[in-house]
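Participant: Below is the file work.csv, with CSV, C-alpha atoms and all ligand atoms.
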chain,number,residue,atom,x,y,z
J,1,MET,CA,107.6,34.0,14.1
J,2,ILE,CA,107.5,32.8,17.7
J,3,ILE,CA,110.9,31.7,19.2
J,4,ALA,CA,110.7,29.7,22.4
J,5,VAL,CA,113.9,29.5,24.5
J,6,ASP,CA,113.8,27.3,27.6
J,7,GLY,CA,116.5,26.0,29.9
J,8,PRO,CA,117.9,25.9,33.4
J,9,THR,CA,119.4,28.8,35.4
J,10,ALA,CA,122.6,30.3,34.1
J,11,SER,CA,122.6,28.1,31.0
J,12,GLY,CA,122.9,31.2,28.7
J,13,LYS,CA,119.3,31.1,27.6
J,14,GLY,CA,118.8,34.8,28.5
J,15,THR,CA,121.8,35.9,26.4
J,16,VAL,CA,120.8,33.7,23.5
J,17,ALA,CA,117.2,35.0,23.6
J,18,ARG,CA,118.2,38.6,23.7
J,19,ALA,CA,120.6,38.0,20.8
J,20,LEU,CA,117.9,36.2,18.7
J,21,ALA,CA,115.5,39.1,19.4
J,22,ARG,CA,118.1,41.6,18.2
J,23,HIS,CA,118.9,39.5,15.1
J,24,TYR,CA,115.3,39.0,14.0
J,25,GLY,CA,114.1,42.4,15.2
J,26,LEU,CA,111.5,40.8,17.6
J,27,PRO,CA,110.3,41.9,21.0
J,28,HIS,CA,111.7,39.8,23.9
J,29,LEU,CA,110.2,38.7,27.2
J,30,ASP,CA,112.2,37.2,30.0
J,31,THR,CA,109.4,35.3,31.7
J,32,GLY,CA,111.6,34.5,34.7
J,33,LEU,CA,111.3,38.1,35.7
J,34,LEU,CA,107.6,37.7,36.2
J,35,TYR,CA,108.2,34.8,38.7
J,36,ARG,CA,111.0,36.8,40.3
J,37,ALA,CA,108.6,39.7,40.8
J,38,VAL,CA,106.1,37.5,42.5
J,39,GLY,CA,108.7,36.0,44.8
J,40,TYR,CA,110.0,39.4,45.7
J,41,GLN,CA,106.6,40.8,46.3
J,42,VAL,CA,105.8,37.9,48.7
J,43,ALA,CA,109.0,38.7,50.6
J,44,ARG,CA,108.2,42.4,50.7
J,45,LEU,CA,104.8,41.6,52.2
J,46,GLY,CA,106.4,39.3,54.7
J,47,GLY,CA,104.5,36.3,53.4
J,48,ASP,CA,105.3,32.6,52.9
J,49,PRO,CA,106.3,31.7,49.3
J,50,ASP,CA,105.3,28.1,49.8
J,51,GLU,CA,101.8,29.1,50.6
J,52,ALA,CA,99.7,29.1,47.4
J,53,GLY,CA,97.2,31.8,48.5
J,54,THR,CA,99.9,34.2,49.5
J,55,ALA,CA,101.9,33.6,46.3
J,56,LEU,CA,98.8,34.1,44.2
J,57,ALA,CA,98.0,37.4,45.9
J,58,ALA,CA,101.6,38.6,45.0
J,59,THR,CA,100.9,38.1,41.3
J,60,ARG,CA,99.3,41.5,41.5
J,61,PHE,CA,102.6,43.3,41.7
J,62,PRO,CA,103.1,46.8,40.3
J,63,ASP,CA,104.6,47.0,36.8
J,64,ASP,CA,107.6,49.1,37.8
J,65,LEU,CA,108.7,46.3,40.1
J,66,LEU,CA,110.1,44.6,37.0
J,67,ALA,CA,112.9,47.2,36.9
J,68,ASP,CA,114.1,46.7,40.5
J,69,PRO,CA,117.7,45.4,40.4
J,70,GLU,CA,116.9,43.2,43.5
J,71,LEU,CA,114.9,41.0,41.1
J,72,ARG,CA,118.2,39.7,39.7
J,73,SER,CA,119.6,38.5,43.0
J,74,GLU,CA,120.2,34.8,43.8
J,75,ALA,CA,117.9,35.2,46.8
J,76,THR,CA,115.0,36.4,44.6
J,77,GLY,CA,115.7,33.5,42.1
J,78,GLY,CA,115.2,31.1,44.9
J,79,LEU,CA,111.9,32.7,45.9
J,80,ALA,CA,110.8,32.7,42.3
J,81,SER,CA,111.5,29.0,42.1
J,82,ARG,CA,109.4,28.4,45.2
J,83,VAL,CA,106.3,30.5,44.1
J,84,SER,CA,106.5,29.0,40.6
J,85,VAL,CA,105.4,25.5,41.8
J,86,HIS,CA,101.9,26.8,42.6
J,87,PRO,CA,99.5,26.1,39.6
J,88,ALA,CA,97.4,29.2,40.5
J,89,VAL,CA,100.5,31.4,40.2
J,90,ARG,CA,101.4,29.9,36.8
J,91,GLN,CA,97.8,30.4,35.7
J,92,ALA,CA,97.7,34.0,36.8
J,93,LEU,CA,100.9,34.8,34.7
J,94,TYR,CA,99.7,32.7,31.7
J,95,GLU,CA,97.6,35.3,29.8
J,96,ARG,CA,100.3,38.0,30.0
J,97,GLN,CA,102.9,35.6,28.5
J,98,ARG,CA,100.5,34.2,25.9
J,99,ALA,CA,99.5,37.7,24.7
J,100,PHE,CA,103.2,38.6,24.4
J,101,ALA,CA,103.8,35.5,22.3
J,102,LEU,CA,100.8,36.3,20.0
J,103,GLN,CA,101.8,39.8,19.0
J,104,PRO,CA,101.3,40.2,15.2
J,105,GLY,CA,105.0,40.4,14.3
J,106,GLY,CA,106.1,37.5,16.5
J,107,ALA,CA,108.2,37.4,19.7
J,108,VAL,CA,111.0,35.7,21.5
J,109,LEU,CA,110.2,34.4,25.0
J,110,ASP,CA,112.6,32.7,27.4
J,111,GLY,CA,111.8,30.6,30.5
J,112,ARG,CA,111.1,27.0,31.5
J,113,ASP,CA,107.8,26.2,29.8
J,114,ILE,CA,107.6,28.4,26.7
J,115,GLY,CA,107.9,25.5,24.2
J,116,THR,CA,105.7,23.2,26.3
J,117,VAL,CA,102.9,25.3,27.7
J,118,ILE,CA,103.0,29.0,26.8
J,119,ALA,CA,103.6,28.7,23.0
J,120,PRO,CA,103.7,25.0,22.0
J,121,GLU,CA,103.1,26.2,18.4
J,122,ALA,CA,106.3,28.2,18.3
J,123,GLU,CA,108.1,27.9,14.9
J,124,ALA,CA,111.5,27.6,16.6
J,125,LYS,CA,112.1,25.9,20.0
J,126,LEU,CA,115.5,25.9,21.7
J,127,PHE,CA,116.5,24.2,24.9
J,128,VAL,CA,119.6,25.8,26.1
J,129,THR,CA,121.6,23.9,28.7
J,130,ALA,CA,125.1,23.5,30.2
J,131,SER,CA,126.7,21.4,32.9
J,132,VAL,CA,126.1,22.4,36.6
J,133,ALA,CA,129.9,23.1,36.8
J,134,ALA,CA,129.9,25.4,33.8
J,135,ARG,CA,126.8,27.3,34.9
J,136,ALA,CA,128.1,27.7,38.5
J,137,ALA,CA,131.5,28.9,37.2
J,138,ARG,CA,129.7,31.6,35.1
J,139,ARG,CA,127.6,32.7,38.0
J,140,PHE,CA,130.6,32.8,40.3
J,141,ARG,CA,132.5,35.0,37.9
J,142,GLU,CA,129.6,37.4,37.4
J,143,MET,CA,129.1,37.7,41.2
J,144,ARG,CA,132.7,38.2,42.0
J,145,GLU,CA,132.9,40.8,39.2
J,146,SER,CA,130.0,42.7,40.8
J,147,GLY,CA,132.0,42.7,44.0
J,148,ARG,CA,130.0,40.1,46.0
J,149,GLU,CA,131.7,37.6,48.3
J,150,VAL,CA,130.4,34.2,47.3
J,151,GLU,CA,131.6,30.6,47.4
J,152,LEU,CA,131.6,28.4,44.4
J,153,ALA,CA,130.3,25.5,46.4
J,154,ASP,CA,127.3,27.5,47.6
J,155,ILE,CA,126.4,28.5,44.1
J,156,MET,CA,126.6,24.9,42.9
J,157,ALA,CA,124.4,23.7,45.7
J,158,ASP,CA,121.9,26.5,45.0
J,159,LEU,CA,121.8,25.8,41.2
J,160,ALA,CA,121.3,22.0,41.9
J,161,ALA,CA,118.5,22.7,44.3
J,162,ARG,CA,116.7,25.0,41.9
J,163,ASP,CA,117.1,22.6,39.0
J,164,GLU,CA,115.7,19.8,41.1
J,165,ARG,CA,112.7,21.8,42.0
J,166,ASP,CA,112.1,23.1,38.5
J,167,ARG,CA,112.4,19.7,36.9
J,168,ASN,CA,110.3,17.8,39.4
J,169,ARG,CA,107.4,20.0,40.1
J,170,ALA,CA,104.0,18.6,39.0
J,171,GLU,CA,102.9,21.7,37.0
J,172,ALA,CA,104.8,22.7,33.9
J,173,PRO,CA,108.2,21.1,34.9
J,174,LEU,CA,111.3,22.1,33.1
J,175,ARG,CA,111.9,19.7,30.2
J,176,GLU,CA,112.8,19.7,26.5
J,177,ALA,CA,109.8,20.5,24.4
J,178,GLU,CA,109.0,18.0,21.6
J,179,GLY,CA,111.0,19.1,18.5
J,180,ALA,CA,113.3,21.4,20.5
J,181,HIS,CA,116.8,21.9,19.4
J,182,VAL,CA,119.1,21.2,22.4
J,183,LEU,CA,122.0,23.6,22.6
J,184,ASP,CA,124.7,22.7,25.2
J,185,THR,CA,126.7,25.8,25.9
J,186,SER,CA,129.1,24.2,28.4
J,187,GLU,CA,132.1,24.5,26.0
J,188,MET,CA,131.0,27.4,24.0
J,189,THR,CA,131.9,31.1,24.1
J,190,VAL,CA,128.9,33.6,24.0
J,191,ASP,CA,129.5,34.3,20.3
J,192,GLU,CA,129.6,30.6,19.5
J,193,ALA,CA,126.3,30.0,21.4
J,194,ILE,CA,124.6,32.9,19.6
J,195,ALA,CA,125.8,31.6,16.2
J,196,ALA,CA,124.6,28.1,17.0
J,197,ALA,CA,121.2,29.5,18.1
J,198,ILE,CA,120.7,31.5,14.9
J,199,ALA,CA,121.6,28.4,12.8
J,200,ALA,CA,119.1,26.3,14.8
J,201,VAL,CA,116.3,28.9,14.2
J,202,GLU,CA,117.2,29.2,10.5
J,203,HIS,CA,116.9,25.4,10.3
J,204,ALA,CA,113.6,25.3,12.1
J,205,ARG,CA,111.7,28.1,10.3
J,301,LIG,O1,115.0,32.2,34.6
J,301,LIG,P1,115.1,32.7,36.0
J,301,LIG,O2,116.2,32.1,36.8
J,301,LIG,O3,115.0,34.2,36.1
J,301,LIG,O4,113.8,32.1,36.7
J,301,LIG,C1,113.6,32.1,38.1
J,301,LIG,C2,112.6,31.0,38.5
J,301,LIG,O5,111.3,31.2,38.0
J,301,LIG,C3,113.0,29.6,37.9
J,301,LIG,O6,113.9,28.9,38.8
J,301,LIG,C4,111.7,28.9,37.8
J,301,LIG,O7,111.4,28.2,39.0
J,301,LIG,C5,110.7,30.0,37.6
J,301,LIG,N1,110.3,30.1,36.2
J,301,LIG,C6,109.2,29.3,35.8
J,301,LIG,N2,108.7,29.4,34.5
J,301,LIG,C7,109.2,30.3,33.6
J,301,LIG,C8,110.3,31.1,34.0
J,301,LIG,C9,110.8,31.0,35.3
J,301,LIG,O8,108.8,28.4,36.5
J,301,LIG,N3,108.7,30.3,32.4
Show this structure as structure tokens.
Facilitator:
Amino acid sequence: MIIAVDGPTASGKGTVARALARHYGLPHLDTGLLYRAVGYQVARLGGDPDEAGTALAATRFPDDLLADPELRSEATGGLASRVSVHPAVRQALYERQRAFALQPGGAVLDGRDIGTVIAPEAEAKLFVTASVAARAARRFREMRESGREVELADIMADLAARDERDRNRAEAPLREAEGAHVLDTSEMTVDEAIAAAIAAVEHAR
């Protein structure tokens, strides 16, 4: 069984995808991490993320880069969103994601275009979303807890900019796949979101 989980930043899609993988005993790939690695690699090389050739060259990043904690930062998220608009970058990362999806036992993948591009044949497709206010509040809490000085207004502006870029790019824009179950987690606890996701997968398979 392939489970595709898509949605915007801080919607809870990563938490939902990890929980589904645990529940069904499937391997999980956070595809955002691949784009983050490319963005981070461009920055390390001192290149321009908006330049397609530079971004494409950065898709040859070392595997151990995926474990670097800096990949999780907001700054890297912004770089990821910029390199991900280039079709050549998306193409370069396609095979790796496709091969992961096609493992014999099945897999859970989360990202922006899993149900639309990477695995349109997925048995279960979820589109996890939440209001900008709810997502910004979560990010704000996480960052404050990790001891970082951040302003809620800055986080909201950053999320809105990233949503705008992800939804409006020409190649593989963020959108609900046909037949996807939309899960709005704005008013849900983590446990409620996980229970709703499992119910949606059970209904779909
Ligand atoms: O999900 P995450 O916030 O880690 O993704 C970082 C960025 O990578 C997103 O804003 C998006 O631009 C890009 N991305 C993508 N396609 C995916 C996963 C992530 O374009 N499948």
Participant: Using only C-alpha atoms and all ligand atoms, I'd like a table of the residues in chain J that come within 6 Å of ligand LIG 301 (chain J); for each, show the closest atom pair and its distance in Å rounded to one decimal, ordered by chain and ascending number, as CSV.
Facilitator:
residue,atom,partner,partner_atom,distance
J:Thr9,CA,J:LIG301,O2,4.8
J:Thr31,CA,J:LIG301,C8,4.9
J:Gly32,CA,J:LIG301,C9,3.6
J:Leu33,CA,J:LIG301,O3,5.4
J:Tyr35,CA,J:LIG301,O5,4.8
J:Arg36,CA,J:LIG301,C1,5.8
J:Gly77,CA,J:LIG301,C1,4.7
J:Ala80,CA,J:LIG301,C2,4.5
J:Ser81,CA,J:LIG301,O7,3.2
J:Ser84,CA,J:LIG301,O8,4.7
J:Gly111,CA,J:LIG301,N3,3.6
J:Arg112,CA,J:LIG301,N3,4.2
J:Asp113,CA,J:LIG301,N3,4.9
J:Arg162,CA,J:LIG301,O6,5.7
J:Asp166,CA,J:LIG301,O7,5.2
Participant: Write out as a list in words the residues lying within 12 Å of Gly78 in chain J, counting all atoms listed in the file and excluding same-chain residues fewer than 5 positions away.
Facilitator: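 The residues that qualify are Thr9, Gly32, Tyr35, Arg36, Ala37, Val38, Gly39, Tyr40, Ala43, Pro49, Asp50, Leu71, Arg72, Ser73, Val83, Ser84, Val85, Ile155, Ala157, Asp158, Leu159, Ala160, Ala161, Arg162, Asp163, Glu164, Arg165 and Asp166 of chain J.
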Participant: Between J:Thr116, J:Thr129, J:Gln103, J:Gln97, which one has atoms that come closest to Ala193 in chain J, using all atoms listed in the file?
Facilitator: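 Using all atoms listed in the file, the shortest distance to Ala193 in chain J belongs to J:Thr129.
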Participant: Rank J:Glu51, J:Glu171, J:Glu187, J:Glu178 by their smallest atom-to-atom distance to Ala124 in chain J, using only C-alpha atoms, and report the top residue only.
Facilitator: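 Residue with the minimum atom-to-atom distance to Ala124 in chain J: J:Glu178.
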Participant: Considering only C-alpha atoms, can you say which of J:Ala180, J:Ala204, J:Ala19, J:Val132 comes closest to Glu192 in chain J?
Facilitator: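 Once distances to Glu192 in chain J are computed over only C-alpha atoms, the minimum belongs to J:Ala19.
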Participant: Could you check how far CA of Gly14 in chain J sits from CA of Asp184 in chain J, in Å to one decimal?
Facilitator: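 Straight-line distance from CA of Gly14 in chain J to CA of Asp184 in chain J works out to 13.9 Å.
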Participant: Could you tell me how far CA of Gly12 in chain J lies from CA of Phe140 in chain J, in Å and to one decimal?
Facilitator: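 It comes out at 14.0 Å.
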Participant: Using only C-alpha atoms, which residue out of J:Leu183, J:Asp68, J:Ala58, J:Ala21 lies closest to Ala130 in chain J?
Facilitator: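 Once distances to Ala130 in chain J are computed over only C-alpha atoms, the minimum belongs to J:Leu183.
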Participant: Hey, which of J:Ile194, J:Ala200, J:Val128, J:Ala136 ends up closest to Val5 in chain J? Count all atoms listed in the file.
Facilitator: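 Closest candidate: J:Val128.
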Participant: Please compute the CA of Arg167 in chain J-CA of Val201 in chain J distance, one decimal, in Å.
Facilitator: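 Taking CA of Arg167 in chain J as the start and CA of Val201 in chain J as the end point, the length is 24.8 Å.
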Participant: In the coordinate frame of the file, compute which residues have an atom within 12 Å of (130.0, 34.7, 28.1) when using only C-alpha atoms, and state them as an MDAnalysis selection string.
Facilitator: chainID J and resid 10:16 134:135 137:139 141:142 185:194
Participant: So, with all atoms listed in the file as the atoms that count, which of J:Pro27, J:Gly53, J:Pro173, J:Gly115 lies closest to Phe100 in chain J?
Facilitator: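 Under the stated criterion, the closest residue is J:Pro27.
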Participant: Please, which residues are within 10 Å of (97.4, 29.1, 40.4) by the file's coordinates, counting all atoms listed in the file, and could they come as a list in words?
Facilitator: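 Counting all atoms listed in the file, I find these residues within 10 Å of (97.4, 29.1, 40.4): Ala52, Gly53, Ala55, Leu56, Ala57, Thr59, Val83, Ser84, Val85, His86, Pro87, Ala88, Val89, Arg90, Gln91, Ala92, Leu93, Tyr94 and Glu171 of chain J.
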Participant: N, CA and C atoms for range 13-26 of chain J, written as an mmCIF file, in the frame of the given file, could you do that?
Facilitator:
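Result file out-v3.cif:
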data_model
loop_
_atom_site.group_PDB
_atom_site.id
_atom_site.type_symbol
_atom_site.label_atom_id
_atom_site.label_comp_id
_atom_site.auth_asym_id
_atom_site.auth_seq_id
_atom_site.Cartn_x
_atom_site.Cartn_y
_atom_site.Cartn_z
ATOM 1 N N LYS J 13 120.509 30.965 28.415
ATOM 2 C CA LYS J 13 119.300 31.100 27.600
ATOM 3 C C LYS J 13 118.876 32.606 27.489
ATOM 4 N N GLY J 14 119.124 33.411 28.523
ATOM 5 C CA GLY J 14 118.800 34.800 28.500
ATOM 6 C C GLY J 14 119.620 35.549 27.409
ATOM 7 N N THR J 15 120.903 35.263 27.402
ATOM 8 C CA THR J 15 121.800 35.900 26.400
ATOM 9 C C THR J 15 121.441 35.458 25.012
ATOM 10 N N VAL J 16 121.152 34.181 24.848
ATOM 11 C CA VAL J 16 120.800 33.700 23.500
ATOM 12 C C VAL J 16 119.428 34.302 23.089
ATOM 13 N N ALA J 17 118.465 34.404 24.001
ATOM 14 C CA ALA J 17 117.200 35.000 23.600
ATOM 15 C C ALA J 17 117.277 36.437 23.253
ATOM 16 N N ARG J 18 118.062 37.191 24.013
ATOM 17 C CA ARG J 18 118.200 38.600 23.700
ATOM 18 C C ARG J 18 118.909 38.775 22.318
ATOM 19 N N ALA J 19 119.909 37.928 22.040
ATOM 20 C CA ALA J 19 120.600 38.000 20.800
ATOM 21 C C ALA J 19 119.691 37.647 19.591
ATOM 22 N N LEU J 20 118.844 36.641 19.803
ATOM 23 C CA LEU J 20 117.900 36.200 18.700
ATOM 24 C C LEU J 20 116.909 37.375 18.477
ATOM 25 N N ALA J 21 116.447 38.012 19.552
ATOM 26 C CA ALA J 21 115.500 39.100 19.400
ATOM 27 C C ALA J 21 116.113 40.248 18.594
ATOM 28 N N ARG J 22 117.365 40.543 18.896
ATOM 29 C CA ARG J 22 118.100 41.600 18.200
ATOM 30 C C ARG J 22 118.234 41.200 16.693
ATOM 31 N N HIS J 23 118.680 39.980 16.481
ATOM 32 C CA HIS J 23 118.900 39.500 15.100
ATOM 33 C C HIS J 23 117.698 39.530 14.245
ATOM 34 N N TYR J 24 116.566 39.112 14.803
ATOM 35 C CA TYR J 24 115.300 39.000 14.000
ATOM 36 C C TYR J 24 114.447 40.269 14.173
ATOM 37 N N GLY J 25 114.879 41.242 14.998
ATOM 38 C CA GLY J 25 114.100 42.400 15.200
ATOM 39 C C GLY J 25 112.749 42.149 15.899
ATOM 40 N N LEU J 26 112.755 41.219 16.864
ATOM 41 C CA LEU J 26 111.500 40.800 17.600
ATOM 42 C C LEU J 26 111.555 41.311 19.011
#
